[in-house]
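Visitor: Next up, input.csv (CSV, C-alpha atoms).
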```csv
chain,number,residue,atom,x,y,z
P,290,MET,CA,-10.8,21.2,10.9
P,291,PRO,CA,-12.1,22.4,14.3
P,292,LYS,CA,-12.4,19.8,17.0
P,293,VAL,CA,-15.9,19.0,18.2
P,294,GLU,CA,-16.3,17.9,21.8
P,295,ILE,CA,-19.5,15.9,21.4
P,296,ASN,CA,-19.8,14.9,25.1
P,297,SER,CA,-19.4,18.5,26.4
P,298,VAL,CA,-21.7,20.0,23.8
P,299,SER,CA,-24.5,17.4,24.2
P,300,LYS,CA,-24.6,18.1,27.9
P,301,GLN,CA,-25.5,21.7,27.2
P,302,ASN,CA,-27.9,20.8,24.4
P,303,PRO,CA,-29.6,17.4,24.1
P,304,HIS,CA,-30.2,18.0,20.3
P,305,SER,CA,-26.6,18.8,19.6
P,306,LEU,CA,-25.5,15.3,18.6
P,307,SER,CA,-28.3,14.9,16.1
P,308,GLU,CA,-27.6,18.4,14.7
P,309,TYR,CA,-23.9,17.5,14.4
P,310,ARG,CA,-24.8,14.3,12.5
P,311,GLU,CA,-27.1,16.2,10.2
P,312,ASN,CA,-24.3,18.7,9.4
P,313,VAL,CA,-21.9,15.8,8.6
P,314,LEU,CA,-24.5,14.3,6.3
P,315,GLU,CA,-25.0,17.7,4.5
P,316,VAL,CA,-21.3,17.9,3.9
P,317,ALA,CA,-21.2,14.3,2.6
P,318,ILE,CA,-24.1,14.9,0.2
P,319,GLY,CA,-22.5,18.2,-1.0
P,320,ARG,CA,-19.2,16.5,-1.6
P,321,GLN,CA,-20.8,13.7,-3.7
P,322,ILE,CA,-22.8,16.2,-5.8
P,323,ARG,CA,-19.6,18.1,-6.5
P,324,ILE,CA,-17.8,14.9,-7.5
P,325,TYR,CA,-20.4,13.8,-9.9
P,326,ARG,CA,-20.8,17.3,-11.4
P,327,LYS,CA,-17.0,17.4,-12.1
P,328,GLN,CA,-17.1,14.0,-13.6
P,329,MET,CA,-19.6,15.3,-16.1
P,330,GLU,CA,-17.3,18.2,-16.7
P,331,ILE,CA,-20.0,20.8,-16.1
P,332,THR,CA,-20.0,24.0,-14.0
P,333,VAL,CA,-22.3,25.1,-11.3
P,334,SER,CA,-23.9,27.4,-13.8
P,335,ASP,CA,-24.4,24.5,-16.2
P,336,LEU,CA,-26.1,22.4,-13.5
P,337,SER,CA,-28.2,25.4,-12.5
P,338,LYS,CA,-29.6,25.6,-16.1
P,339,MET,CA,-30.2,21.8,-16.1
P,340,THR,CA,-32.1,21.8,-12.8
P,341,GLY,CA,-33.7,25.2,-12.5
P,342,LEU,CA,-31.9,25.6,-9.1
P,343,SER,CA,-30.0,28.9,-8.5
P,344,THR,CA,-26.2,28.9,-8.6
P,345,GLY,CA,-26.3,30.3,-5.0
P,346,MET,CA,-28.4,27.4,-3.8
P,347,LEU,CA,-26.2,24.8,-5.6
P,348,SER,CA,-23.1,26.3,-4.1
P,349,LYS,CA,-24.6,26.1,-0.6
P,350,ILE,CA,-25.5,22.5,-1.2
P,351,GLU,CA,-22.1,21.5,-2.5
P,352,ASN,CA,-20.4,23.3,0.5
P,353,GLY,CA,-22.7,21.5,3.0
P,354,ASN,CA,-24.2,24.8,4.1
P,355,THR,CA,-27.8,23.7,3.6
P,356,SER,CA,-29.9,20.5,3.7
P,357,PRO,CA,-31.4,19.8,0.3
P,358,SER,CA,-35.0,18.5,0.2
P,359,LEU,CA,-35.8,15.1,-1.3
P,360,SER,CA,-37.4,16.8,-4.3
P,361,THR,CA,-34.2,18.7,-4.8
P,362,LEU,CA,-32.1,15.6,-4.5
P,363,GLN,CA,-34.3,13.9,-7.0
P,364,THR,CA,-33.9,16.8,-9.5
P,365,LEU,CA,-30.1,16.6,-9.1
P,366,SER,CA,-30.0,12.8,-9.5
P,367,ASN,CA,-32.0,13.1,-12.7
P,368,ALA,CA,-29.7,15.9,-14.0
P,369,LEU,CA,-26.5,14.0,-13.1
P,370,SER,CA,-27.9,10.6,-14.3
P,371,ILE,CA,-27.2,8.8,-11.0
P,372,PRO,CA,-29.4,7.1,-8.4
P,373,MET,CA,-30.4,9.3,-5.5
P,374,THR,CA,-28.7,6.8,-3.1
P,375,ALA,CA,-25.3,7.7,-4.6
P,376,PHE,CA,-25.4,11.0,-2.7
P,377,PHE,CA,-25.2,9.1,0.6
P,378,LYS,CA,-22.4,6.7,-0.5
P,379,GLN,CA,-19.5,8.4,1.4
P,380,PHE,CA,-21.7,9.0,4.5
P,381,GLU,CA,-22.9,5.4,4.9
P,382,GLN,CA,-19.8,3.4,3.7
P,383,LYS,CA,-17.9,1.7,6.5
P,384,ARG,CA,-14.4,3.1,7.0
P,385,GLU,CA,-11.6,1.1,8.4
P,386,CYS,CA,-9.5,2.2,11.4
P,387,ILE,CA,-6.4,0.4,12.7
P,388,HIS,CA,-5.5,0.6,16.4
P,389,THR,CA,-2.1,-0.7,17.2
P,390,LYS,CA,-1.2,-0.9,20.9
P,391,ALA,CA,2.3,-0.1,22.2
P,392,ASN,CA,4.8,-2.8,21.3
P,393,GLU,CA,2.3,-4.7,19.1
P,394,GLY,CA,3.5,-3.4,15.7
P,395,VAL,CA,4.4,-6.1,13.2
P,396,GLU,CA,8.1,-6.5,13.0
P,397,VAL,CA,9.2,-6.4,9.4
P,398,GLU,CA,12.1,-8.4,8.1
P,399,GLY,CA,13.1,-7.1,4.7
P,400,GLU,CA,15.8,-5.6,2.5
P,401,GLY,CA,17.9,-3.3,4.6
P,402,THR,CA,17.0,-4.9,7.9
P,403,ARG,CA,20.0,-5.9,10.0
P,404,ALA,CA,21.0,-6.5,13.6
P,405,GLY,CA,20.3,-3.4,15.7
P,406,HIS,CA,17.8,-2.1,13.2
P,407,GLN,CA,14.2,-2.8,14.1
P,408,TYR,CA,11.3,-2.0,11.7
P,409,ASN,CA,7.7,-2.2,13.0
P,410,LEU,CA,4.7,-1.7,10.7
P,411,LEU,CA,2.1,0.1,12.8
P,412,GLY,CA,-0.9,-0.5,10.6
P,413,HIS,CA,-1.9,-1.1,7.0
P,414,LEU,CA,-5.2,-0.4,5.1
P,415,GLY,CA,-5.6,-2.4,1.9
P,416,SER,CA,-8.1,-1.4,-0.8
P,417,ASN,CA,-9.8,1.9,-0.1
P,418,ASP,CA,-11.6,4.7,-1.9
P,419,SER,CA,-8.9,7.4,-1.1
P,420,GLY,CA,-6.6,6.1,-3.9
P,421,VAL,CA,-3.7,6.2,-1.6
P,422,ILE,CA,-1.8,3.5,0.5
P,423,VAL,CA,-0.1,4.7,3.6
P,424,GLU,CA,2.3,2.6,5.6
P,425,PRO,CA,3.5,3.9,9.0
P,426,TYR,CA,6.7,2.4,10.5
P,427,LEU,CA,8.4,2.8,13.8
P,428,ILE,CA,12.1,2.4,13.3
P,429,GLU,CA,14.6,1.9,16.1
P,430,LEU,CA,18.3,1.9,15.6
P,431,THR,CA,20.3,0.6,18.5
P,432,SER,CA,23.8,-0.2,17.2
P,433,GLU,CA,26.1,1.2,14.6
P,434,THR,CA,27.1,-0.6,11.4
P,435,ASP,CA,29.9,-0.1,9.0
P,436,THR,CA,27.8,0.8,6.0
P,437,PHE,CA,24.3,2.0,5.4
P,438,LYS,CA,22.2,0.9,2.5
P,439,THR,CA,20.3,3.6,0.6
P,440,PHE,CA,16.7,3.0,-0.3
P,441,GLN,CA,14.7,4.0,-3.4
P,442,HIS,CA,11.0,3.3,-3.9
P,443,GLY,CA,7.9,5.0,-5.2
P,444,GLY,CA,5.7,7.5,-3.3
P,445,LEU,CA,6.4,10.1,-0.7
P,446,GLU,CA,7.9,9.6,2.7
P,447,THR,CA,7.8,11.5,6.0
P,448,ILE,CA,10.3,11.0,8.8
P,449,TYR,CA,9.6,12.3,12.3
P,450,MET,CA,12.4,12.0,14.8
P,451,LEU,CA,11.5,10.8,18.2
P,452,ALA,CA,14.8,10.1,20.0
P,453,GLY,CA,18.5,10.1,19.3
P,454,GLU,CA,20.2,11.8,16.4
P,455,ILE,CA,21.0,10.7,12.9
P,456,THR,CA,22.3,12.2,9.7
P,457,TYR,CA,20.0,11.3,6.8
P,458,ARG,CA,20.8,11.6,3.2
P,459,HIS,CA,18.4,12.4,0.4
P,460,GLY,CA,19.9,12.7,-3.0
P,461,ASP,CA,22.9,15.1,-2.7
P,462,GLY,CA,21.7,16.6,0.6
P,463,GLU,CA,22.4,15.5,4.1
P,464,TYR,CA,20.2,16.4,7.1
P,465,LYS,CA,21.0,16.1,10.8
P,466,LEU,CA,17.8,15.0,12.5
P,467,GLN,CA,17.1,15.5,16.2
P,468,PRO,CA,14.0,14.8,18.2
P,469,GLY,CA,11.1,16.8,16.8
P,470,ASP,CA,12.6,17.2,13.4
P,471,THR,CA,10.7,16.2,10.3
P,472,LEU,CA,12.0,15.3,6.8
P,473,PHE,CA,9.5,15.0,4.0
P,474,PHE,CA,10.7,13.9,0.6
P,475,ASP,CA,10.2,12.1,-2.8
P,476,ALA,CA,11.1,8.5,-2.1
P,477,ASN,CA,12.1,7.9,-5.7
P,478,THR,CA,15.4,9.6,-4.9
P,479,PRO,CA,18.0,7.5,-3.1
P,480,HIS,CA,17.8,8.1,0.6
P,481,GLY,CA,18.9,6.6,3.9
P,482,PRO,CA,20.9,7.2,7.1
P,483,VAL,CA,24.5,8.3,6.7
P,484,THR,CA,25.6,8.2,10.3
P,485,LEU,CA,24.0,7.4,13.7
P,486,ASP,CA,25.2,10.3,15.8
P,487,LYS,CA,23.4,9.5,19.0
P,488,LEU,CA,21.9,6.1,19.9
P,489,PRO,CA,19.4,4.6,20.4
P,490,ALA,CA,17.6,6.5,17.6
P,491,ARG,CA,13.9,6.1,17.0
P,492,PHE,CA,11.8,7.7,14.3
P,493,LEU,CA,8.5,7.4,12.5
P,494,SER,CA,8.7,6.7,8.8
P,495,ILE,CA,5.4,7.2,7.0
P,496,ILE,CA,5.3,6.1,3.3
P,497,SER,CA,2.4,6.9,1.0
P,498,TYR,CA,2.0,5.9,-2.6
P,499,PRO,CA,-0.9,5.6,-5.1
P,500,LEU,CA,-3.2,2.6,-4.9
P,501,ASP,CA,-3.1,0.5,-8.1
P,502,LYS,CA,-6.7,-0.2,-9.1
```
Since I need it in another form, could you write the structure as structure tokens?

Guide:
Amino acid sequence: MPKVEINSVSKQNPHSLSEYRENVLEVAIGRQIRIYRKQMEITVSDLSKMTGLSTGMLSKIENGNTSPSLSTLQTLSNALSIPMTAFFKQFEQKRECIHTKANEGVEVEGEGTRAGHQYNLLGHLGSNDSGVIVEPYLIELTSETDTFKTFQHGGLETIYMLAGEITYRHGDGEYKLQPGDTLFFDANTPHGPVTLDKLPARFLSIISYPLDK
């Protein structure tokens, strides 16, 4: 997605901010129309026949390339059997954002945590409409231990190495991780550090799994 520098653009054109907001609204409306159409298991062609709108126009609306009139939205809401306000749901709904300042992550004490192993949860969003829970951790390893526990849990995990060097096992494979390296894997397979090759070692561990509804 291209970055939009609102401040710099608005200085050149006083109407740019409102135009940008309108474009975002068009995309939100189009996304909702597509969602409800697919829930009804009908094609764009089917919806065209139900509404009298051309397939080309419907495609432009769903892709956020045009702003539908109120009469068009009313026609679509009747065809999809939903209130017209449903088209604005994603645009108007408040979305959470977590800002964690440096050194203010929640230190986690749990299975696998030991002296010299520090786990900090950087943020957590509870129930949300995405259907996914994401837990970002900052992990710091400062001392060696005799044994390393392997972990196994649901979801997907991404490790991004920040400092130091470790050898990380996933299933039958072993991966030497250095700063800048990434390891992305299915967390249902046993995984964990095999050796700490250069201390201190710091890495981001981002775990994502389905939200139980």

Visitor: For the atom pair atom CA of P:Ile322 and atom CA of P:Val421, what is the interatomic distance in Å to one decimal place?

Guide: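 These atoms are spaced 22.0 Å apart.
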
Visitor: Go through P:Lys465, P:His459, P:Lys327, P:Lys349 and flag the residue nearest P:Phe440, using all atoms listed in the file for the distances.

Guide: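 Of P:Lys465, P:His459, P:Lys327, P:Lys349, the one nearest P:Phe440, counting all atoms listed in the file, is P:His459.
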
Visitor: Considering only C-alpha atoms, return as a tab-separated table (two decimals) with C-alpha atoms, keeping the file's coordinate frame whatever protein or nucleic-acid residues lie within 9 Å of P:Leu347, sequence-local ones (same chain, fewer than 2 positions apart) excluded.

Guide:
```tsv
chain	number	residue	atom	x	y	z
P	319	GLY	CA	-22.50	18.20	-1.00
P	333	VAL	CA	-22.30	25.10	-11.30
P	334	SER	CA	-23.90	27.40	-13.80
P	336	LEU	CA	-26.10	22.40	-13.50
P	337	SER	CA	-28.20	25.40	-12.50
P	342	LEU	CA	-31.90	25.60	-9.10
P	343	SER	CA	-30.00	28.90	-8.50
P	344	THR	CA	-26.20	28.90	-8.60
P	345	GLY	CA	-26.30	30.30	-5.00
P	349	LYS	CA	-24.60	26.10	-0.60
P	350	ILE	CA	-25.50	22.50	-1.20
P	351	GLU	CA	-22.10	21.50	-2.50
P	352	ASN	CA	-20.40	23.30	0.50
```

Visitor: What is the atom CA of P:Pro489-atom CA of P:Phe474 distance in Å, reported with one decimal?

Guide: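 Answer for the atom CA of P:Pro489 to atom CA of P:Phe474 separation: 23.5 Å.
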
Visitor: Fewer than 6 positions away in the same chain doesn't count, so skip those; otherwise give me all residues within 10 Å of P:Ser366, counting all atoms listed in the file, as number ranges by chain.

Guide: P: 322, 325, 340, 360, 372-376

Visitor: Would you mind reading off the distance between atom CA of P:Gly460 and atom CA of P:His480, one decimal, in Å?

Guide: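 So the two atoms, atom CA of P:Gly460 and atom CA of P:His480, lie 6.2 Å apart.
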
Visitor: Measuring atom to atom with all atoms listed in the file, identify which of P:Leu362, P:Leu451, P:Leu485, P:Met346 is nearest to P:Ile318.

Guide: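 Distance minimum relative to P:Ile318 lands on P:Leu362.
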
Visitor: Taking (27.3, 6.0, 10.6) in the file's coordinates, which residues come within 10 Å, counting all atoms listed in the file, written as a PyMOL selection string?

Guide: chain P and resi 432-437+455-457+482-487

Visitor: Where atoms are missing, can you supply all heavy atoms for stretch 446-457 of chain P and output the lot as an mmCIF file, in the coordinates of the input?

Guide:
```
data_model
loop_
_atom_site.group_PDB
_atom_site.id
_atom_site.type_symbol
_atom_site.label_atom_id
_atom_site.label_comp_id
_atom_site.auth_asym_id
_atom_site.auth_seq_id
_atom_site.Cartn_x
_atom_site.Cartn_y
_atom_site.Cartn_z
ATOM 1 N N GLU P 446 7.611 10.089 1.388
ATOM 2 C CA GLU P 446 7.900 9.600 2.700
ATOM 3 C C GLU P 446 8.127 10.751 3.687
ATOM 4 O O GLU P 446 8.674 11.797 3.318
ATOM 5 C CB GLU P 446 9.211 8.732 2.676
ATOM 6 C CG GLU P 446 9.562 8.090 4.017
ATOM 7 C CD GLU P 446 10.654 7.035 3.894
ATOM 8 O OE1 GLU P 446 11.037 6.687 2.754
ATOM 9 O OE2 GLU P 446 11.127 6.549 4.945
ATOM 10 N N THR P 447 7.664 10.554 4.894
ATOM 11 C CA THR P 447 7.800 11.500 6.000
ATOM 12 C C THR P 447 8.549 10.852 7.130
ATOM 13 O O THR P 447 8.141 9.774 7.561
ATOM 14 C CB THR P 447 6.493 12.088 6.459
ATOM 15 O OG1 THR P 447 5.787 12.681 5.371
ATOM 16 C CG2 THR P 447 6.709 13.141 7.544
ATOM 17 N N ILE P 448 9.600 11.473 7.611
ATOM 18 C CA ILE P 448 10.300 11.000 8.800
ATOM 19 C C ILE P 448 10.119 11.972 9.911
ATOM 20 O O ILE P 448 10.315 13.181 9.727
ATOM 21 C CB ILE P 448 11.810 10.777 8.489
ATOM 22 C CG1 ILE P 448 12.012 9.562 7.584
ATOM 23 C CG2 ILE P 448 12.613 10.610 9.776
ATOM 24 C CD1 ILE P 448 13.451 9.333 7.183
ATOM 25 N N TYR P 449 9.728 11.467 11.079
ATOM 26 C CA TYR P 449 9.600 12.300 12.300
ATOM 27 C C TYR P 449 10.457 11.721 13.369
ATOM 28 O O TYR P 449 10.240 10.598 13.806
ATOM 29 C CB TYR P 449 8.130 12.387 12.726
ATOM 30 C CG TYR P 449 7.944 13.260 13.956
ATOM 31 C CD1 TYR P 449 7.989 14.650 13.849
ATOM 32 C CD2 TYR P 449 7.764 12.696 15.210
ATOM 33 C CE1 TYR P 449 7.847 15.450 14.960
ATOM 34 C CE2 TYR P 449 7.612 13.497 16.341
ATOM 35 C CZ TYR P 449 7.661 14.871 16.201
ATOM 36 O OH TYR P 449 7.520 15.674 17.310
ATOM 37 N N MET P 450 11.431 12.493 13.799
ATOM 38 C CA MET P 450 12.400 12.000 14.800
ATOM 39 C C MET P 450 11.860 12.030 16.180
ATOM 40 O O MET P 450 11.318 13.034 16.642
ATOM 41 C CB MET P 450 13.679 12.897 14.676
ATOM 42 C CG MET P 450 14.939 12.224 15.142
ATOM 43 S SD MET P 450 15.419 10.931 14.005
ATOM 44 C CE MET P 450 16.689 10.138 15.001
ATOM 45 N N LEU P 451 11.988 10.892 16.863
ATOM 46 C CA LEU P 451 11.500 10.800 18.200
ATOM 47 C C LEU P 451 12.579 10.812 19.278
ATOM 48 O O LEU P 451 12.408 11.416 20.336
ATOM 49 C CB LEU P 451 10.705 9.438 18.372
ATOM 50 C CG LEU P 451 9.471 9.275 17.495
ATOM 51 C CD1 LEU P 451 8.953 7.843 17.591
ATOM 52 C CD2 LEU P 451 8.391 10.262 17.902
ATOM 53 N N ALA P 452 13.705 10.151 19.015
ATOM 54 C CA ALA P 452 14.800 10.100 20.000
ATOM 55 C C ALA P 452 16.106 9.869 19.273
ATOM 56 O O ALA P 452 16.142 9.331 18.156
ATOM 57 C CB ALA P 452 14.545 8.976 21.011
ATOM 58 N N GLY P 453 17.203 10.263 19.923
ATOM 59 C CA GLY P 453 18.500 10.100 19.300
ATOM 60 C C GLY P 453 18.784 11.128 18.243
ATOM 61 O O GLY P 453 18.011 12.072 18.055
ATOM 62 N N GLU P 454 19.878 10.924 17.514
ATOM 63 C CA GLU P 454 20.200 11.800 16.400
ATOM 64 C C GLU P 454 20.857 11.021 15.286
ATOM 65 O O GLU P 454 21.666 10.117 15.519
ATOM 66 C CB GLU P 454 21.254 12.882 16.905
ATOM 67 C CG GLU P 454 20.722 13.823 17.977
ATOM 68 C CD GLU P 454 21.772 14.823 18.447
ATOM 69 O OE1 GLU P 454 22.864 14.859 17.836
ATOM 70 O OE2 GLU P 454 21.494 15.553 19.409
ATOM 71 N N ILE P 455 20.460 11.327 14.065
ATOM 72 C CA ILE P 455 21.000 10.700 12.900
ATOM 73 C C ILE P 455 21.275 11.731 11.814
ATOM 74 O O ILE P 455 20.674 12.812 11.836
ATOM 75 C CB ILE P 455 20.135 9.570 12.323
ATOM 76 C CG1 ILE P 455 18.813 10.156 11.801
ATOM 77 C CG2 ILE P 455 19.887 8.484 13.367
ATOM 78 C CD1 ILE P 455 17.937 9.113 11.090
ATOM 79 N N THR P 456 22.160 11.409 10.902
ATOM 80 C CA THR P 456 22.300 12.200 9.700
ATOM 81 C C THR P 456 21.750 11.437 8.549
ATOM 82 O O THR P 456 22.147 10.287 8.304
ATOM 83 C CB THR P 456 23.813 12.531 9.441
ATOM 84 O OG1 THR P 456 24.347 13.264 10.561
ATOM 85 C CG2 THR P 456 23.983 13.375 8.184
ATOM 86 N N TYR P 457 20.792 12.023 7.878
ATOM 87 C CA TYR P 457 20.000 11.300 6.800
ATOM 88 C C TYR P 457 20.295 11.945 5.489
ATOM 89 O O TYR P 457 20.283 13.175 5.333
ATOM 90 C CB TYR P 457 18.533 11.393 7.175
ATOM 91 C CG TYR P 457 17.701 10.306 6.556
ATOM 92 C CD1 TYR P 457 17.494 9.106 7.224
ATOM 93 C CD2 TYR P 457 17.113 10.471 5.311
ATOM 94 C CE1 TYR P 457 16.714 8.085 6.679
ATOM 95 C CE2 TYR P 457 16.336 9.468 4.741
ATOM 96 C CZ TYR P 457 16.139 8.278 5.433
ATOM 97 O OH TYR P 457 15.380 7.278 4.890
#
```
